[in-house]
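**Q** Supplied structure: final_0.csv, CSV, C-alpha atoms.
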chain,number,residue,atom,x,y,z
U,1,MET,CA,-44.6,93.8,153.9
U,2,LYS,CA,-41.8,93.0,151.5
U,3,ASN,CA,-40.9,89.6,149.9
U,4,PHE,CA,-37.3,90.5,149.1
U,5,GLU,CA,-35.0,87.6,148.5
U,6,GLY,CA,-31.2,87.4,148.7
U,7,GLU,CA,-28.4,89.2,150.6
U,8,TYR,CA,-28.3,93.0,150.9
U,9,VAL,CA,-26.3,95.6,152.7
U,10,TYR,CA,-27.9,98.7,154.3
U,11,ASP,CA,-25.9,101.8,153.5
U,12,GLY,CA,-28.3,104.5,155.0
U,13,GLU,CA,-30.0,105.4,151.7
U,14,TYR,CA,-30.3,102.2,149.6
U,15,PHE,CA,-30.3,98.5,149.9
U,16,LYS,CA,-27.2,97.2,148.0
U,17,THR,CA,-26.2,93.8,146.9
U,18,PRO,CA,-22.7,92.6,147.8
U,19,SER,CA,-21.6,93.6,144.3
U,20,GLY,CA,-22.7,97.2,145.0
U,21,LEU,CA,-26.0,97.3,143.0
U,22,ALA,CA,-28.6,99.5,144.7
U,23,ILE,CA,-32.4,99.1,145.0
U,24,GLN,CA,-34.9,101.6,146.6
U,25,ASN,CA,-35.1,101.7,150.4
U,26,PRO,CA,-38.6,100.6,151.5
U,27,LEU,CA,-38.2,102.9,154.4
U,28,ASP,CA,-39.1,105.8,152.1
U,29,GLN,CA,-42.5,104.1,151.3
U,30,LEU,CA,-43.1,103.4,155.0
U,31,LYS,CA,-42.6,107.1,156.0
U,32,ARG,CA,-45.1,108.2,153.3
U,33,SER,CA,-47.7,105.6,154.3
U,34,LYS,CA,-47.3,106.4,158.0
U,35,LEU,CA,-47.7,110.2,157.4
U,36,MET,CA,-50.8,109.7,155.3
U,37,LEU,CA,-52.5,107.4,157.9
U,38,SER,CA,-51.6,109.7,160.7
U,39,GLN,CA,-53.1,112.6,158.9
U,40,LEU,CA,-56.3,110.6,158.2
U,41,LEU,CA,-56.7,109.7,161.8
U,42,GLN,CA,-56.1,113.3,162.9
U,43,SER,CA,-58.8,114.5,160.4
U,44,LEU,CA,-61.2,112.0,162.0
U,45,GLY,CA,-60.6,113.4,165.5
U,46,SER,CA,-58.6,110.3,166.6
U,47,LYS,CA,-55.6,110.6,169.0
U,48,LEU,CA,-54.3,107.2,168.2
U,49,THR,CA,-50.6,107.0,167.3
U,50,VAL,CA,-49.3,105.0,164.4
U,51,GLU,CA,-46.5,102.5,164.7
U,52,ALA,CA,-45.1,101.6,161.3
U,53,TYR,CA,-42.8,98.7,160.4
U,54,VAL,CA,-41.3,97.1,157.3
U,55,ILE,CA,-41.9,93.4,157.6
U,56,PHE,CA,-39.6,91.2,155.5
U,57,ILE,CA,-41.4,87.8,155.3
U,58,ASN,CA,-39.1,85.9,153.0
U,59,PRO,CA,-36.8,83.5,155.0
U,60,GLN,CA,-34.2,83.7,152.3
U,61,PHE,CA,-33.7,87.4,152.9
U,62,THR,CA,-30.7,88.8,154.8
U,63,LEU,CA,-29.9,92.5,155.5
U,64,TYR,CA,-26.4,93.3,156.7
U,65,GLN,CA,-25.3,96.4,158.7
U,66,THR,CA,-28.9,97.2,159.8
U,67,PRO,CA,-29.0,99.8,162.6
U,68,PRO,CA,-31.0,98.3,165.5
U,69,ASP,CA,-33.2,101.4,165.8
U,70,LEU,CA,-34.8,101.2,162.3
U,71,PRO,CA,-38.4,99.9,162.1
U,72,PHE,CA,-37.4,96.7,160.2
U,73,ILE,CA,-38.6,93.3,161.2
U,74,LEU,CA,-36.3,90.7,159.7
U,75,PRO,CA,-37.4,87.1,159.0
U,76,THR,CA,-35.6,85.8,162.1
U,77,GLN,CA,-37.4,88.4,164.3
U,78,LEU,CA,-40.9,87.8,162.9
U,79,ASN,CA,-42.1,85.2,165.4
U,80,ARG,CA,-40.9,87.2,168.4
U,81,PHE,CA,-42.6,90.4,167.0
U,82,LEU,CA,-45.9,88.6,166.6
U,83,SER,CA,-45.6,87.2,170.1
U,84,LYS,CA,-45.1,90.7,171.5
U,85,LEU,CA,-48.2,91.9,169.7
U,86,ASP,CA,-50.3,89.0,171.2
U,87,GLN,CA,-49.1,90.0,174.7
U,88,LYS,CA,-50.3,93.6,174.4
U,89,PRO,CA,-53.7,94.3,176.0
U,90,SER,CA,-56.4,95.3,173.5
U,91,LEU,CA,-59.4,96.6,175.3
U,92,LEU,CA,-61.8,98.2,172.8
U,93,ASN,CA,-64.1,101.0,173.8
U,94,GLN,CA,-66.8,103.0,172.1
U,95,SER,CA,-64.3,105.5,170.6
U,96,HIS,CA,-62.6,102.6,168.8
U,97,LYS,CA,-65.9,101.4,167.4
U,98,ASN,CA,-66.8,104.9,166.3
U,99,LEU,CA,-63.4,105.2,164.5
U,100,ALA,CA,-63.9,101.9,162.8
U,101,ASP,CA,-67.4,103.0,161.5
U,102,LYS,CA,-65.8,106.2,160.1
U,103,LEU,CA,-63.1,104.3,158.4
U,104,ILE,CA,-65.6,101.9,156.8
U,105,SER,CA,-67.7,104.7,155.6
U,106,LEU,CA,-64.7,106.2,153.8
U,107,HIS,CA,-63.8,102.9,152.0
U,108,GLN,CA,-64.0,103.2,148.2
U,109,THR,CA,-63.9,100.1,146.0
U,110,GLU,CA,-63.3,102.3,142.9
U,111,SER,CA,-61.4,105.5,142.6
U,112,PRO,CA,-63.6,108.5,141.7
U,113,TYR,CA,-60.6,109.9,139.7
U,114,THR,CA,-60.2,106.9,137.4
U,115,GLN,CA,-60.7,108.0,133.7
U,116,LEU,CA,-59.2,105.4,131.5
U,117,PRO,CA,-59.0,105.8,127.7
U,118,ALA,CA,-60.3,103.0,125.5
U,119,TYR,CA,-57.7,100.2,125.0
U,120,GLU,CA,-57.4,96.7,123.8
U,121,TYR,CA,-55.0,93.9,124.7
U,122,GLU,CA,-53.7,93.6,121.2
U,123,THR,CA,-52.8,97.3,120.8
U,124,ILE,CA,-51.0,97.7,124.2
U,125,LYS,CA,-47.2,97.6,124.2
U,126,LYS,CA,-46.2,94.6,126.3
U,127,GLY,CA,-43.1,94.1,128.4
U,128,MET,CA,-41.7,94.8,131.8
U,129,THR,CA,-40.9,98.3,132.9
U,130,CYS,CA,-38.6,99.8,135.5
U,131,CYS,CA,-40.5,100.2,138.9
U,132,LYS,CA,-38.7,103.5,139.4
U,133,CYS,CA,-38.6,105.3,136.0
U,134,ASP,CA,-41.1,103.2,134.0
U,135,SER,CA,-38.6,102.6,131.2
U,136,PHE,CA,-39.0,99.5,129.0
U,137,ALA,CA,-35.2,99.4,128.7
U,138,VAL,CA,-34.7,96.6,131.3
U,139,THR,CA,-32.5,93.5,131.3
U,140,ILE,CA,-32.7,90.3,133.3
U,141,VAL,CA,-29.5,89.2,134.9
U,142,GLY,CA,-29.9,86.1,137.0
U,143,LYS,CA,-32.6,86.8,139.6
U,144,LYS,CA,-32.6,90.5,139.0
U,145,LEU,CA,-34.3,92.9,136.6
U,146,ILE,CA,-32.0,95.8,135.9
U,147,CYS,CA,-33.0,99.1,134.4
U,148,ASP,CA,-30.6,100.1,131.6
U,149,LYS,CA,-31.7,103.8,132.0
U,150,CYS,CA,-31.6,104.6,135.7
U,151,GLY,CA,-29.8,101.5,137.1
U,152,CYS,CA,-32.7,100.5,139.4
U,153,ILE,CA,-32.7,96.8,140.5
U,154,GLU,CA,-35.7,94.7,141.3
U,155,LEU,CA,-36.1,90.9,141.9
U,156,VAL,CA,-37.6,89.2,138.8
U,157,THR,CA,-40.1,87.5,141.1
U,158,VAL,CA,-41.3,90.9,142.5
U,159,ALA,CA,-41.3,92.4,139.0
U,160,VAL,CA,-43.4,89.5,137.6
U,161,MET,CA,-46.0,89.9,140.4
U,162,ARG,CA,-46.1,93.6,139.9
U,163,ASN,CA,-46.9,93.0,136.2
U,164,VAL,CA,-49.5,90.5,137.2
U,165,GLU,CA,-51.3,93.2,139.3
U,166,GLU,CA,-51.1,95.6,136.4
U,167,PHE,CA,-52.6,93.0,134.1
U,168,LYS,CA,-55.4,92.3,136.5
U,169,LEU,CA,-56.2,96.0,136.8
U,170,LEU,CA,-56.3,96.5,133.1
U,171,PHE,CA,-58.1,93.2,132.2
U,172,PRO,CA,-60.1,92.1,135.3
U,173,GLU,CA,-62.2,89.7,133.2
U,174,GLN,CA,-59.3,87.7,131.8
U,175,LYS,CA,-57.8,84.7,133.5
U,176,ILE,CA,-54.2,84.7,134.7
U,177,THR,CA,-52.3,81.9,132.9
U,178,THR,CA,-48.7,81.2,132.3
U,179,ASN,CA,-48.9,81.9,128.6
U,180,VAL,CA,-50.7,85.2,129.1
U,181,ILE,CA,-48.3,86.5,131.7
U,182,HIS,CA,-45.3,85.3,129.8
U,183,GLU,CA,-46.5,87.3,126.8
U,184,TRP,CA,-47.4,90.3,129.0
U,185,CYS,CA,-44.0,90.4,130.7
U,186,GLY,CA,-42.1,89.9,127.4
U,187,VAL,CA,-38.5,90.1,128.7
U,188,VAL,CA,-38.7,86.8,130.7
U,189,ASP,CA,-37.6,84.2,128.3
U,190,SER,CA,-38.8,81.1,130.1
U,191,ARG,CA,-42.4,80.1,130.5
U,192,LYS,CA,-41.3,77.7,133.3
U,193,ARG,CA,-39.9,80.6,135.2
U,194,ILE,CA,-43.2,82.5,135.0
U,195,SER,CA,-45.1,79.3,136.0
U,196,ARG,CA,-42.9,79.0,139.1
U,197,VAL,CA,-43.5,82.6,140.2
U,198,LEU,CA,-47.2,82.3,139.7
U,199,GLY,CA,-47.4,78.9,141.5
U,200,LYS,CA,-45.4,80.4,144.5
U,201,ASN,CA,-47.6,83.5,144.9
U,202,LEU,CA,-51.0,82.5,143.6
U,203,LYS,CA,-53.5,79.7,143.9
U,204,ILE,CA,-53.8,77.4,140.8
U,205,THR,CA,-57.1,76.2,139.6
U,206,GLY,CA,-57.6,73.5,137.0
U,207,LEU,CA,-55.1,71.2,135.3
U,208,GLY,CA,-53.0,71.3,132.2
U,209,GLN,CA,-53.9,73.7,129.4
U,210,TRP,CA,-57.0,74.8,131.4
U,211,ALA,CA,-55.1,75.8,134.5
U,212,PHE,CA,-55.2,79.4,135.7
U,213,TYR,CA,-54.2,81.4,138.8
U,214,GLU,CA,-56.2,83.4,141.3
Would you write the structure of this file as structure tokens?
**A**
Amino acid sequence: MKNFEGEYVYDGEYFKTPSGLAIQNPLDQLKRSKLMLSQLLQSLGSKLTVEAYVIFINPQFTLYQTPPDLPFILPTQLNRFLSKLDQKPSLLNQSHKNLADKLISLHQTESPYTQLPAYEYETIKKGMTCCKCDSFAVTIVGKKLICDKCGCIELVTVAVMRNVEEFKLLFPEQKITTNVIHEWCGVVDSRKRISRVLGKNLKITGLGQWAFYE
């Protein structure tokens, strides 16, 4: 699922803004995810096939020149897509239940490969990085975060929430507040902008200076 906002043109490899700036095609991520899930099902002895789609949920998103055969579900197609899913028969048998049990048994809440060095909030370099090359050399232009190194473009809203997830991963005991995320992101000059993004994507708890997001 993608929460892209704005107008884009599909050129076969990238999503481009009307001005010609390109962002990564989510179809690349979809192909990798579908392959990995298919391989997992095969290793478990399942013959189920995987249907994969990129779902664009933001009603303010428009994608021009989209080939009709691509697995994209645009905002105007979402309700019809869900209706088709509801109409499909879903009779479960014992093989489905066995597969579900196997998948549950494989679930891991923590990665066995995680080996983090000791770190503290005060000593970590803060600021947004490029989602493609991880460079700190990024600039905000309007609603977009532009990497000065590789040219990758990401919506500021998406970039802020990406940094929120990184912060939660590194500091799970700390509360998500406007001031904390504003300092963590660095490049976003306005606290009000951070507050709007958090309020749109997370649930607020408390009032005033004691408010935080979950």
**Q** Need to verify the contact set: segment 91-105 of chain U, 10 Å, only C-alpha atoms, exclusion of same-chain residues closer than 6 positions in sequence. Can you return it as a PyMOL selection string?
**A** chain U and resi 40-41+44-46+48
**Q** Counting all atoms listed in the file, give me one row per residue of segment 102-176 of chain U with an atom at most 10 Å from an atom of segment 183-194 of chain U, showing the shortest contact pair and its distance in Å to one decimal, sorted by chain then residue number, as CSV.
**A**
residue,atom,partner,partner_atom,distance
U:Tyr121,CA,U:Trp184,CA,9.4
U:Ile124,CA,U:Trp184,CA,9.5
U:Lys125,CA,U:Trp184,CA,8.7
U:Lys126,CA,U:Trp184,CA,5.2
U:Gly127,CA,U:Gly186,CA,4.4
U:Met128,CA,U:Cys185,CA,5.1
U:Thr129,CA,U:Cys185,CA,8.8
U:Phe136,CA,U:Val187,CA,9.4
U:Ala137,CA,U:Val187,CA,9.9
U:Val138,CA,U:Val187,CA,8.0
U:Thr139,CA,U:Val187,CA,7.4
U:Ile140,CA,U:Val187,CA,7.4
U:Leu145,CA,U:Val187,CA,9.4
U:Val156,CA,U:Val188,CA,8.5
U:Thr157,CA,U:Ile194,CA,8.5
U:Ala159,CA,U:Cys185,CA,9.0
U:Val160,CA,U:Cys185,CA,7.0
U:Met161,CA,U:Ile194,CA,9.6
U:Arg162,CA,U:Cys185,CA,10.0
U:Asn163,CA,U:Cys185,CA,6.7
U:Val164,CA,U:Trp184,CA,8.5
U:Glu166,CA,U:Trp184,CA,9.8
U:Phe167,CA,U:Trp184,CA,7.8
**Q** Using all atoms listed in the file, I'd like a table of the residues in segment 70-162 of chain U that come within 12 Å of segment 15-28 of chain U; for each, show the closest atom pair and its distance in Å rounded to one decimal, ordered by chain and ascending number, as CSV.
**A**
residue,atom,partner,partner_atom,distance
U:Leu70,CA,U:Leu27,CA,8.8
U:Pro71,CA,U:Leu27,CA,8.3
U:Phe72,CA,U:Leu27,CA,8.5
U:Ile73,CA,U:Leu27,CA,11.8
U:Cys130,CA,U:Ile23,CA,11.4
U:Cys131,CA,U:Gln24,CA,9.6
U:Lys132,CA,U:Gln24,CA,8.4
U:Cys133,CA,U:Gln24,CA,11.8
U:Val141,CA,U:Leu21,CA,12.0
U:Lys143,CA,U:Thr17,CA,12.0
U:Lys144,CA,U:Leu21,CA,10.3
U:Leu145,CA,U:Ile23,CA,10.6
U:Ile146,CA,U:Leu21,CA,9.4
U:Cys147,CA,U:Ile23,CA,10.6
U:Cys150,CA,U:Ala22,CA,10.8
U:Gly151,CA,U:Ala22,CA,7.9
U:Cys152,CA,U:Ile23,CA,5.8
U:Ile153,CA,U:Ile23,CA,5.1
U:Glu154,CA,U:Ile23,CA,6.6
U:Leu155,CA,U:Ile23,CA,9.5
**Q** Atom CA of Asn3 of chain U and atom CA of Ile181 of chain U, how far apart in Å?
**A** 19.9 Å
**Q** Grab the atom CA of Thr76 of chain U to atom CA of Arg196 of chain U distance for me, in Å with one decimal place.
**A**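 Separation of atom CA of Thr76 of chain U and atom CA of Arg196 of chain U: 25.1 Å.
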**Q** Excluding same-chain residues fewer than 6 positions from segment 208-212 of chain U, what lies within 8 Å of it counting all atoms listed in the file, as a PyMOL selection string?
**A** chain U and resi 175-178
**Q** Nearest residue to Leu170 of chain U out of U:Glu120, U:Asp134, U:Asp148, U:Glu110, using all atoms listed in the file?
**A** U:Glu120
**Q** So that I can check the surroundings of Ile57 of chain U, please list as a short mmCIF file (atom, residue, chain, number, x, y, z; two decimals) with C-alpha atoms, keeping the file's coordinate frame every protein, DNA and RNA residue that reaches within 9 Å of it, counting only C-alpha atoms and ignoring chain neighbours fewer than 3 positions away.
**A**
data_model
loop_
_atom_site.label_atom_id
_atom_site.label_comp_id
_atom_site.auth_asym_id
_atom_site.auth_seq_id
_atom_site.Cartn_x
_atom_site.Cartn_y
_atom_site.Cartn_z
CA MET U 1 -44.60 93.80 153.90
CA LYS U 2 -41.80 93.00 151.50
CA ASN U 3 -40.90 89.60 149.90
CA PHE U 4 -37.30 90.50 149.10
CA GLN U 60 -34.20 83.70 152.30
CA PHE U 61 -33.70 87.40 152.90
CA ILE U 73 -38.60 93.30 161.20
CA LEU U 74 -36.30 90.70 159.70
CA PRO U 75 -37.40 87.10 159.00
CA LEU U 78 -40.90 87.80 162.90
#
**Q** What's the separation between atom CA of Val158 of chain U and atom CA of Val54 of chain U, in Å to one decimal place?
**A**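 Taking atom CA of Val158 of chain U as the start and atom CA of Val54 of chain U as the end point, the length is 16.0 Å.
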